[in-house]
Structure formats: structure tokens, C-alpha cells
Amino acid sequence: MKSKVKWRGKFVFNRESYTEYAYAYTKKQAWLVMCKRIAKKQGVIPSMVTAYFDGTKDNFEIKEEP
């Protein structure tokens with residue numbers, strides 16, 4: 001069975017910088033977990049955050065942690 005990987009994400013949302021960590025099987029899954037956390041912190045719905053970080057702008061970065 002494949003194990004989860006630790007991911008680090010750096011996001012800029014509403015002029016605030018967030019660094020989030022998540023254990024996930026894929027980069028896309030980690031992105032979704034992190035977006036949901038940011039939405040909760042900002043008090044907005046998750047779809048607003050996922051639309052903001054849809055990949056069309058250079059406003060986030062997710063990398064696998066060693």
C-alpha cells in the first residue's frame with residue numbers, strides 16, 4: 001500500500017502569506033486540504049479559495065518535503 005507524503009505549501013491570499021503542511025497521496029490532494037484550511041482561517045467557503053488558487057496565477061507553490 002502506498003503511503004502518504006508530507007507536502008509543504010506556500011500561499012498568498014488577501015495579502016497574507018500562509019505556509020501549510022499536509023500528508024496526502026498526491027499533490028492535488030494536498031492542495032485541496034490546504035485550500036480548505038485557508039478557507040476556514042479566512043472565514044470563506046472553500047470554493048472561493050480553490051478558485052483563487054486554480055493555477056492561472058503564480059500565487060502558490062506546493063513541494064514534497066524530504
# chains A, B, ... in the order shown; residues from 1 in each chain; ligands from 1
>>> select_by_dssp(residues="chain A", states="strand (DSSP E or B)", output="VMD selection string")
chain A and resid 5 to 13 16 to 24 60 to 64
>>> residues_around(residues="segment 15-17 of chain A", least_positions_apart="3", cutoff="10 Å", atoms="only C-alpha atoms", output="list of chain:residue names")
A:Lys10, A:Phe11, A:Val12, A:Glu20, A:Asn59, A:Phe60
>>> residues_around(residues="Ser3 of chain A", least_positions_apart="6", cutoff="12 Å", atoms="only C-alpha atoms", output="MDAnalysis selection string")
chainID A and resid 23:26
>>> closest_residue(among="A:Thr50, A:Lys57, A:Pro66, A:Lys4", to="Arg37 of chain A", atoms="only C-alpha atoms")
A:Thr50
>>> residues_around(residues="Phe53 of chain A", least_positions_apart="2", cutoff="12 Å", atoms="only C-alpha atoms", output="list in words")
Gly9, Lys10, Phe11, Val12, Phe13, Asn14, Lys28, Trp31, Leu32, Met34, Cys35, Lys36, Ile38, Ala39, Pro46, Ser47, Met48, Val49, Thr50, Ala51, Gly55, Thr56, Lys57, Asp58, Asn59, Phe60, Glu61 and Ile62 of chain A
>>> atom_distance(atom1="atom CA of Tyr18 of chain A", atom2="atom CA of Val44 of chain A")
15.3 Å
>>> select_by_dssp(residues="chain A", states="alpha helix (DSSP H)", output="list in words")
Lys27, Lys28, Gln29, Ala30, Trp31, Leu32, Val33, Met34, Cys35, Lys36, Arg37, Ile38, Ala39, Lys40, Lys41, Gln42, Pro46, Ser47, Met48, Val49, Thr50, Ala51 and Tyr52 of chain A
